>>> print(open('protein_33.csv').read())   # CSV, N, CA and C atoms
chain,number,residue,atom,x,y,z
A,162,MET,N,19.7,-21.1,18.8
A,162,MET,CA,19.3,-22.2,17.9
A,162,MET,C,20.4,-22.6,17.0
A,163,ASN,N,21.1,-23.7,17.3
A,163,ASN,CA,22.3,-24.1,16.6
A,163,ASN,C,22.0,-24.3,15.1
A,164,ASP,N,20.8,-24.7,14.7
A,164,ASP,CA,20.6,-25.0,13.3
A,164,ASP,C,20.1,-23.8,12.5
A,165,CYS,N,19.9,-22.6,13.1
A,165,CYS,CA,19.4,-21.4,12.5
A,165,CYS,C,20.5,-20.7,11.8
A,166,LEU,N,20.4,-20.5,10.5
A,166,LEU,CA,21.4,-19.8,9.7
A,166,LEU,C,21.7,-18.4,10.3
A,167,PHE,N,20.7,-17.6,10.6
A,167,PHE,CA,21.0,-16.3,11.1
A,167,PHE,C,21.5,-16.3,12.5
A,168,CYS,N,21.1,-17.2,13.3
A,168,CYS,CA,21.8,-17.3,14.7
A,168,CYS,C,23.2,-17.7,14.5
A,169,ARG,N,23.6,-18.5,13.6
A,169,ARG,CA,25.0,-18.9,13.3
A,169,ARG,C,25.8,-17.7,12.8
A,170,ILE,N,25.1,-16.9,11.9
A,170,ILE,CA,25.8,-15.7,11.4
A,170,ILE,C,26.1,-14.7,12.6
A,171,MET,N,25.1,-14.5,13.4
A,171,MET,CA,25.3,-13.6,14.6
A,171,MET,C,26.4,-14.1,15.5
A,172,ALA,N,26.5,-15.4,15.6
A,172,ALA,CA,27.5,-16.0,16.5
A,172,ALA,C,28.9,-16.0,15.9
A,173,GLY,N,29.0,-15.6,14.6
A,173,GLY,CA,30.3,-15.6,14.0
A,173,GLY,C,30.7,-16.9,13.4
A,174,GLU,N,29.8,-17.9,13.4
A,174,GLU,CA,30.2,-19.2,12.9
A,174,GLU,C,30.2,-19.2,11.3
A,175,ILE,N,29.4,-18.3,10.8
A,175,ILE,CA,29.3,-18.1,9.3
A,175,ILE,C,29.6,-16.7,9.0
A,176,PRO,N,30.5,-16.4,8.1
A,176,PRO,CA,30.9,-15.0,7.8
A,176,PRO,C,29.8,-14.2,7.2
A,177,SER,N,29.8,-12.9,7.6
A,177,SER,CA,28.9,-11.9,7.0
A,177,SER,C,29.6,-10.6,6.9
A,178,THR,N,29.0,-9.7,6.1
A,178,THR,CA,29.5,-8.4,6.0
A,178,THR,C,28.6,-7.5,6.8
A,179,LYS,N,29.0,-7.3,8.1
A,179,LYS,CA,28.2,-6.5,9.0
A,179,LYS,C,28.2,-5.0,8.6
A,180,VAL,N,27.0,-4.4,8.7
A,180,VAL,CA,26.9,-3.0,8.4
A,180,VAL,C,26.4,-2.3,9.7
A,181,TYR,N,25.8,-3.0,10.6
A,181,TYR,CA,25.2,-2.4,11.8
A,181,TYR,C,25.0,-3.4,12.9
A,182,GLU,N,25.1,-3.0,14.2
A,182,GLU,CA,24.8,-3.9,15.3
A,182,GLU,C,24.5,-3.1,16.5
A,183,ASP,N,23.5,-3.4,17.2
A,183,ASP,CA,23.1,-2.8,18.5
A,183,ASP,C,22.6,-3.9,19.4
A,184,ASP,N,22.0,-3.5,20.5
A,184,ASP,CA,21.5,-4.5,21.5
A,184,ASP,C,20.3,-5.4,21.0
A,185,PHE,N,19.7,-4.9,19.9
A,185,PHE,CA,18.4,-5.6,19.5
A,185,PHE,C,18.6,-6.2,18.1
A,186,CYS,N,19.5,-5.8,17.3
A,186,CYS,CA,19.5,-6.3,15.9
A,186,CYS,C,21.0,-6.4,15.4
A,187,TYR,N,21.1,-7.1,14.4
A,187,TYR,CA,22.4,-7.3,13.6
A,187,TYR,C,22.0,-7.1,12.2
A,188,ALA,N,22.8,-6.3,11.4
A,188,ALA,CA,22.5,-6.1,10.0
A,188,ALA,C,23.7,-6.4,9.2
A,189,PHE,N,23.5,-7.1,8.1
A,189,PHE,CA,24.6,-7.5,7.2
A,189,PHE,C,24.1,-7.5,5.7
A,190,ARG,N,25.0,-7.4,4.8
A,190,ARG,CA,24.7,-7.4,3.4
A,190,ARG,C,24.2,-8.8,2.9
A,191,ASP,N,23.1,-8.8,2.1
A,191,ASP,CA,22.6,-10.0,1.6
A,191,ASP,C,23.6,-10.6,0.6
A,192,ILE,N,23.8,-11.9,0.6
A,192,ILE,CA,24.7,-12.5,-0.4
A,192,ILE,C,24.2,-12.7,-1.8
A,193,ASN,N,22.8,-12.5,-1.9
A,193,ASN,CA,22.2,-12.5,-3.2
A,193,ASN,C,21.3,-11.2,-3.4
A,194,PRO,N,22.0,-10.1,-3.5
A,194,PRO,CA,21.3,-8.8,-3.5
A,194,PRO,C,20.3,-8.7,-4.6
A,195,GLN,N,19.1,-8.1,-4.3
A,195,GLN,CA,18.0,-7.8,-5.2
A,195,GLN,C,18.0,-6.4,-5.6
A,196,ALA,N,18.9,-5.6,-5.1
A,196,ALA,CA,19.0,-4.1,-5.4
A,196,ALA,C,20.5,-3.7,-5.0
A,197,PRO,N,20.9,-2.6,-5.5
A,197,PRO,CA,22.3,-2.1,-5.2
A,197,PRO,C,22.6,-2.1,-3.7
A,198,VAL,N,21.6,-1.8,-2.9
A,198,VAL,CA,21.7,-1.9,-1.4
A,198,VAL,C,20.7,-2.9,-1.0
A,199,HIS,N,21.2,-4.0,-0.4
A,199,HIS,CA,20.3,-5.1,0.1
A,199,HIS,C,20.9,-5.6,1.4
A,200,VAL,N,20.3,-5.1,2.5
A,200,VAL,CA,20.8,-5.4,3.8
A,200,VAL,C,19.7,-6.2,4.6
A,201,LEU,N,20.1,-7.2,5.3
A,201,LEU,CA,19.2,-8.0,6.1
A,201,LEU,C,19.4,-7.5,7.5
A,202,VAL,N,18.3,-7.1,8.2
A,202,VAL,CA,18.3,-6.7,9.5
A,202,VAL,C,17.6,-7.8,10.3
A,203,ILE,N,18.3,-8.4,11.2
A,203,ILE,CA,17.8,-9.6,11.9
A,203,ILE,C,17.7,-9.3,13.4
A,204,SER,N,16.7,-9.9,14.0
A,204,SER,CA,16.5,-9.8,15.5
A,204,SER,C,17.6,-10.5,16.2
A,205,LYS,N,18.1,-10.0,17.2
A,205,LYS,CA,19.1,-10.7,18.0
A,205,LYS,C,18.5,-11.9,18.8
A,206,GLN,N,17.3,-11.7,19.1
A,206,GLN,CA,16.5,-12.8,19.8
A,206,GLN,C,15.8,-13.6,18.8
A,207,HIS,N,16.0,-14.9,18.8
A,207,HIS,CA,15.4,-15.8,17.8
A,207,HIS,C,13.9,-15.9,18.0
A,208,VAL,N,13.1,-15.4,17.0
A,208,VAL,CA,11.7,-15.7,16.8
A,208,VAL,C,11.6,-16.0,15.3
A,209,GLY,N,10.6,-16.8,14.9
A,209,GLY,CA,10.5,-17.2,13.5
A,209,GLY,C,10.2,-16.1,12.5
A,210,ASN,N,9.3,-15.2,12.8
A,210,ASN,CA,8.9,-14.2,11.9
A,210,ASN,C,8.0,-13.2,12.6
A,211,LEU,N,7.4,-12.3,11.9
A,211,LEU,CA,6.5,-11.3,12.5
A,211,LEU,C,5.3,-11.9,13.2
A,212,THR,N,4.9,-13.0,12.7
A,212,THR,CA,3.7,-13.7,13.4
A,212,THR,C,4.1,-14.0,14.8
A,213,GLU,N,5.3,-14.3,15.1
A,213,GLU,CA,5.8,-14.7,16.4
A,213,GLU,C,6.4,-13.6,17.2
A,214,ALA,N,6.5,-12.4,16.6
A,214,ALA,CA,7.2,-11.2,17.2
A,214,ALA,C,6.6,-10.8,18.5
A,215,ALA,N,5.4,-11.1,18.8
A,215,ALA,CA,4.8,-10.8,20.1
A,215,ALA,C,5.6,-11.3,21.3
A,216,ALA,N,6.4,-12.4,21.0
A,216,ALA,CA,7.3,-13.0,22.0
A,216,ALA,C,8.5,-12.1,22.4
A,217,LEU,N,8.7,-11.1,21.6
A,217,LEU,CA,9.8,-10.2,21.8
A,217,LEU,C,9.4,-9.1,22.8
A,218,PRO,N,10.3,-8.6,23.6
A,218,PRO,CA,10.0,-7.4,24.4
A,218,PRO,C,9.7,-6.2,23.5
A,219,ASP,N,8.8,-5.3,23.9
A,219,ASP,CA,8.5,-4.1,23.1
A,219,ASP,C,9.7,-3.3,22.8
A,220,ALA,N,10.7,-3.2,23.7
A,220,ALA,CA,11.9,-2.5,23.4
A,220,ALA,C,12.7,-3.1,22.3
A,221,ALA,N,12.7,-4.4,22.1
A,221,ALA,CA,13.4,-5.1,21.0
A,221,ALA,C,12.7,-4.7,19.7
A,222,LEU,N,11.4,-4.8,19.6
A,222,LEU,CA,10.7,-4.5,18.4
A,222,LEU,C,10.9,-3.0,18.0
A,223,ALA,N,10.8,-2.2,19.0
A,223,ALA,CA,11.1,-0.7,18.7
A,223,ALA,C,12.5,-0.5,18.3
A,224,GLY,N,13.4,-1.2,18.9
A,224,GLY,CA,14.8,-1.0,18.6
A,224,GLY,C,15.1,-1.4,17.1
A,225,ILE,N,14.5,-2.5,16.7
A,225,ILE,CA,14.8,-3.0,15.3
A,225,ILE,C,14.2,-2.0,14.4
A,226,LEU,N,13.0,-1.5,14.6
A,226,LEU,CA,12.3,-0.5,13.7
A,226,LEU,C,13.0,0.8,13.7
A,227,ARG,N,13.6,1.2,14.8
A,227,ARG,CA,14.4,2.4,14.9
A,227,ARG,C,15.7,2.3,14.2
A,228,ALA,N,16.3,1.1,14.2
A,228,ALA,CA,17.6,0.9,13.5
A,228,ALA,C,17.5,1.0,12.0
A,229,ILE,N,16.3,0.5,11.4
A,229,ILE,CA,16.2,0.5,10.0
A,229,ILE,C,16.5,1.8,9.3
A,230,PRO,N,15.8,3.0,9.7
A,230,PRO,CA,16.1,4.2,9.1
A,230,PRO,C,17.6,4.7,9.3
A,231,GLU,N,18.1,4.3,10.5
A,231,GLU,CA,19.6,4.7,10.7
A,231,GLU,C,20.5,3.9,9.7
A,232,ILE,N,20.2,2.7,9.5
A,232,ILE,CA,21.0,1.9,8.5
A,232,ILE,C,20.8,2.5,7.1
A,233,ALA,N,19.5,2.8,6.8
A,233,ALA,CA,19.3,3.4,5.5
A,233,ALA,C,20.0,4.7,5.3
A,234,ALA,N,20.1,5.5,6.3
A,234,ALA,CA,20.9,6.8,6.2
A,234,ALA,C,22.3,6.5,6.0
A,235,ARG,N,22.9,5.5,6.8
A,235,ARG,CA,24.3,5.2,6.6
A,235,ARG,C,24.6,4.6,5.2
A,236,GLU,N,23.6,4.0,4.6
A,236,GLU,CA,23.8,3.4,3.3
A,236,GLU,C,23.5,4.4,2.2
A,237,GLY,N,23.2,5.7,2.6
A,237,GLY,CA,23.0,6.7,1.6
A,237,GLY,C,21.7,6.6,0.8
A,238,LEU,N,20.7,6.1,1.5
A,238,LEU,CA,19.4,5.9,0.8
A,238,LEU,C,18.4,7.1,1.0
A,239,GLY,N,18.9,8.3,0.8
A,239,GLY,CA,18.1,9.5,1.1
A,239,GLY,C,16.9,9.6,0.1
A,240,ASN,N,17.0,9.0,-1.0
A,240,ASN,CA,15.8,9.1,-2.0
A,240,ASN,C,14.7,8.1,-1.7
A,241,GLY,N,15.0,7.2,-0.7
A,241,GLY,CA,13.9,6.2,-0.3
A,241,GLY,C,14.5,4.8,-0.3
A,242,TYR,N,13.7,4.0,0.3
A,242,TYR,CA,14.1,2.5,0.4
A,242,TYR,C,12.8,1.7,0.7
A,243,ARG,N,12.9,0.4,0.5
A,243,ARG,CA,11.8,-0.5,0.8
A,243,ARG,C,12.2,-1.4,1.9
A,244,VAL,N,11.3,-1.8,2.7
A,244,VAL,CA,11.5,-2.7,3.8
A,244,VAL,C,10.5,-3.9,3.6
A,245,VAL,N,11.0,-5.1,3.6
A,245,VAL,CA,10.1,-6.3,3.4
A,245,VAL,C,10.4,-7.3,4.5
A,246,SER,N,9.4,-7.9,5.0
A,246,SER,CA,9.5,-9.1,5.9
A,246,SER,C,8.6,-10.2,5.4
A,247,ASN,N,9.2,-11.3,5.0
A,247,ASN,CA,8.4,-12.4,4.5
A,247,ASN,C,8.0,-13.3,5.7
A,248,CYS,N,6.7,-13.7,5.8
A,248,CYS,CA,6.2,-14.5,6.9
A,248,CYS,C,5.6,-15.8,6.4
A,249,GLY,N,6.3,-16.9,6.5
A,249,GLY,CA,5.7,-18.2,6.2
A,249,GLY,C,6.0,-18.6,4.7
A,250,PRO,N,5.6,-19.8,4.5
A,250,PRO,CA,5.9,-20.4,3.2
A,250,PRO,C,5.3,-19.8,2.0
A,251,ASP,N,4.0,-19.3,2.1
A,251,ASP,CA,3.4,-18.6,1.0
A,251,ASP,C,4.1,-17.3,0.6
A,252,ALA,N,4.8,-16.7,1.6
A,252,ALA,CA,5.5,-15.5,1.3
A,252,ALA,C,7.0,-15.8,0.9
A,253,CYS,N,7.3,-17.1,0.8
A,253,CYS,CA,8.7,-17.5,0.4
A,253,CYS,C,9.7,-17.1,1.5
A,254,GLN,N,9.4,-17.2,2.7
A,254,GLN,CA,10.3,-17.0,3.8
A,254,GLN,C,11.3,-18.2,3.8
A,255,SER,N,12.6,-17.9,3.6
A,255,SER,CA,13.6,-19.0,3.4
A,255,SER,C,14.3,-19.3,4.7
A,256,VAL,N,14.4,-18.3,5.6
A,256,VAL,CA,15.1,-18.5,6.9
A,256,VAL,C,14.1,-18.2,8.0
A,257,GLN,N,13.8,-19.2,8.9
A,257,GLN,CA,12.8,-19.0,9.9
A,257,GLN,C,13.4,-18.2,11.1
A,258,HIS,N,13.7,-17.0,10.9
A,258,HIS,CA,14.2,-16.1,11.9
A,258,HIS,C,13.8,-14.7,11.5
A,259,LEU,N,13.2,-14.0,12.4
A,259,LEU,CA,12.7,-12.6,12.1
A,259,LEU,C,13.7,-11.8,11.4
A,260,HIS,N,13.4,-11.3,10.2
A,260,HIS,CA,14.4,-10.4,9.5
A,260,HIS,C,13.6,-9.5,8.6
A,261,PHE,N,14.3,-8.4,8.3
A,261,PHE,CA,13.8,-7.4,7.4
A,261,PHE,C,14.8,-7.2,6.2
A,262,HIS,N,14.3,-7.2,5.0
A,262,HIS,CA,15.1,-6.8,3.9
A,262,HIS,C,15.0,-5.3,3.7
A,263,LEU,N,16.2,-4.7,3.7
A,263,LEU,CA,16.2,-3.2,3.5
A,263,LEU,C,16.8,-3.1,2.1
A,264,LEU,N,16.0,-2.6,1.1
A,264,LEU,CA,16.4,-2.5,-0.3
A,264,LEU,C,16.4,-1.1,-0.8
A,265,GLY,N,17.4,-0.7,-1.5
A,265,GLY,CA,17.4,0.6,-2.1
A,265,GLY,C,18.6,0.8,-3.0
A,266,GLY,N,18.8,2.1,-3.4
A,266,GLY,CA,19.9,2.4,-4.3
A,266,GLY,C,19.4,2.5,-5.8
A,267,ARG,N,18.1,2.3,-6.0
A,267,ARG,CA,17.5,2.4,-7.3
A,267,ARG,C,16.0,2.6,-7.1
A,268,PRO,N,15.3,3.1,-8.2
A,268,PRO,CA,13.9,3.2,-8.0
A,268,PRO,C,13.3,1.8,-8.0
A,269,MET,N,12.4,1.6,-7.1
A,269,MET,CA,11.7,0.3,-6.9
A,269,MET,C,10.5,0.2,-7.9
A,270,ALA,N,10.2,-1.0,-8.3
A,270,ALA,CA,9.0,-1.2,-9.1
A,270,ALA,C,7.8,-0.8,-8.4
A,271,ASP,N,6.8,-0.3,-9.1
A,271,ASP,CA,5.5,0.2,-8.5
A,271,ASP,C,4.7,-1.0,-8.0
A,272,GLN,N,4.9,-2.1,-8.6
A,272,GLN,CA,4.0,-3.3,-8.2
A,272,GLN,C,4.5,-4.0,-7.0
A,273,MET,N,3.6,-4.4,-6.1
A,273,MET,CA,4.0,-5.0,-4.9
A,273,MET,C,4.0,-6.6,-4.9
A,274,ALA,N,3.5,-7.1,-6.0
A,274,ALA,CA,3.4,-8.6,-6.1
A,274,ALA,C,4.7,-9.3,-6.4
>>> encode(input="protein_33.csv", output="structure tokens")
Amino acid sequence: MNDCLFCRIMAGEIPSTKVYEDDFCYAFRDINPQAPVHVLVISKQHVGNLTEAAALPDAALAGILRAIPEIAAREGLGNGYRVVSNCGPDACQSVQHLHFHLLGGRPMADQMA
């Protein structure tokens, strides 16, 4: 998808600070971090969000979910981390490409709203 920001980042058309890559996902530092560690983990195959994730092969979904704790460990998040995936406009999803925010490096607020 030529107009998708995250597809363009994966293609190297837009620079990013890569922290991890495998067959199923690409992870890079968020340019507007909301925590000391804020990494975006994006699906290599374009789907809009978790609502559309059934279009991915099971191995891709499993691969992405297995990569997140590996990335957290590499980032030194032994005390814990938060994983968020926004789905749709009411959740403030700004890029229509399946991605997970990996947040850590400080205690997270108790409130989920």
>>> closest_residue(input="protein_33.csv", among="A:Asp271, A:Pro250, A:Ala215, A:Gly265", to="A:Pro197", atoms="only N, CA and C atoms")
A:Gly265
>>> residues_around(input="protein_33.csv", residues="A:Asp183", least_positions_apart="4", cutoff="12 Å", atoms="only C-alpha atoms", output="list in words")
Met171, Lys179, Tyr187, Ala188, Val202, Ile203, Ser204, Lys205, Ala221, Gly224, Ile225, Arg227, Ala228, Ile229, Glu231 and Ile232 of chain A
>>> atom_distance(input="protein_33.csv", atom1="atom CA of A:Met269", atom2="atom CA of A:Cys186")
25.0 Å
>>> atom_distance(input="protein_33.csv", atom1="atom N of A:Ser246", atom2="atom CA of A:Arg267")
18.0 Å
>>> select_by_dssp(input="protein_33.csv", residues="chain A", states="alpha helix (DSSP H)", output="list in words")
Leu166, Phe167, Cys168, Arg169, Ile170, Met171, Asp219, Ala220, Ala221, Leu222, Ala223, Gly224, Ile225, Leu226, Arg227, Ala228, Ile229, Pro230, Glu231, Ile232, Ala233, Ala234 and Arg235 of chain A
>>> closest_residue(input="protein_33.csv", among="A:Arg235, A:Gly209, A:Asp251, A:Val198", to="A:Gly266", atoms="all atoms listed in the file")
A:Val198
>>> atom_distance(input="protein_33.csv", atom1="atom C of A:Pro194", atom2="atom C of A:His262")
10.4 Å
>>> closest_residue(input="protein_33.csv", among="A:Leu238, A:Ala220, A:Val245, A:Ala172", to="A:Leu259", atoms="only C-alpha atoms")
A:Val245
>>> closest_residue(input="protein_33.csv", among="A:Pro176, A:Tyr181, A:Arg190, A:Leu201", to="A:His260", atoms="all atoms listed in the file")
A:Leu201
>>> closest_residue(input="protein_33.csv", among="A:Ala252, A:Ala216, A:Leu226, A:Val200", to="A:Ser177", atoms="only C-alpha atoms")
A:Val200
>>> closest_residue(input="protein_33.csv", among="A:His207, A:Phe261, A:Gly237, A:Ala214", to="A:Leu166", atoms="only C-alpha atoms")
A:His207
>>> select_by_dssp(input="protein_33.csv", residues="stretch 175-269 of chain A", states="strand (DSSP E or B)", output="list of chain:residue names")
A:Lys179, A:Val180, A:Tyr181, A:Glu182, A:Cys186, A:Tyr187, A:Ala188, A:Phe189, A:Arg190, A:Val198, A:His199, A:Val200, A:Leu201, A:Val202, A:Ile203, A:Ser204, A:Tyr242, A:Arg243, A:Val244, A:Val245, A:His260, A:Phe261, A:His262, A:Leu263, A:Leu264, A:Gly265
>>> axis_aligned_box(input="protein_33.csv", around="stretch 170-177 of chain A", padding_each_side="8 Å", output="AutoDock Vina command-line options")
--center_x 28.0 --center_y -14.9 --center_z 11.7 --size_x 21.8 --size_y 24.6 --size_z 25.6
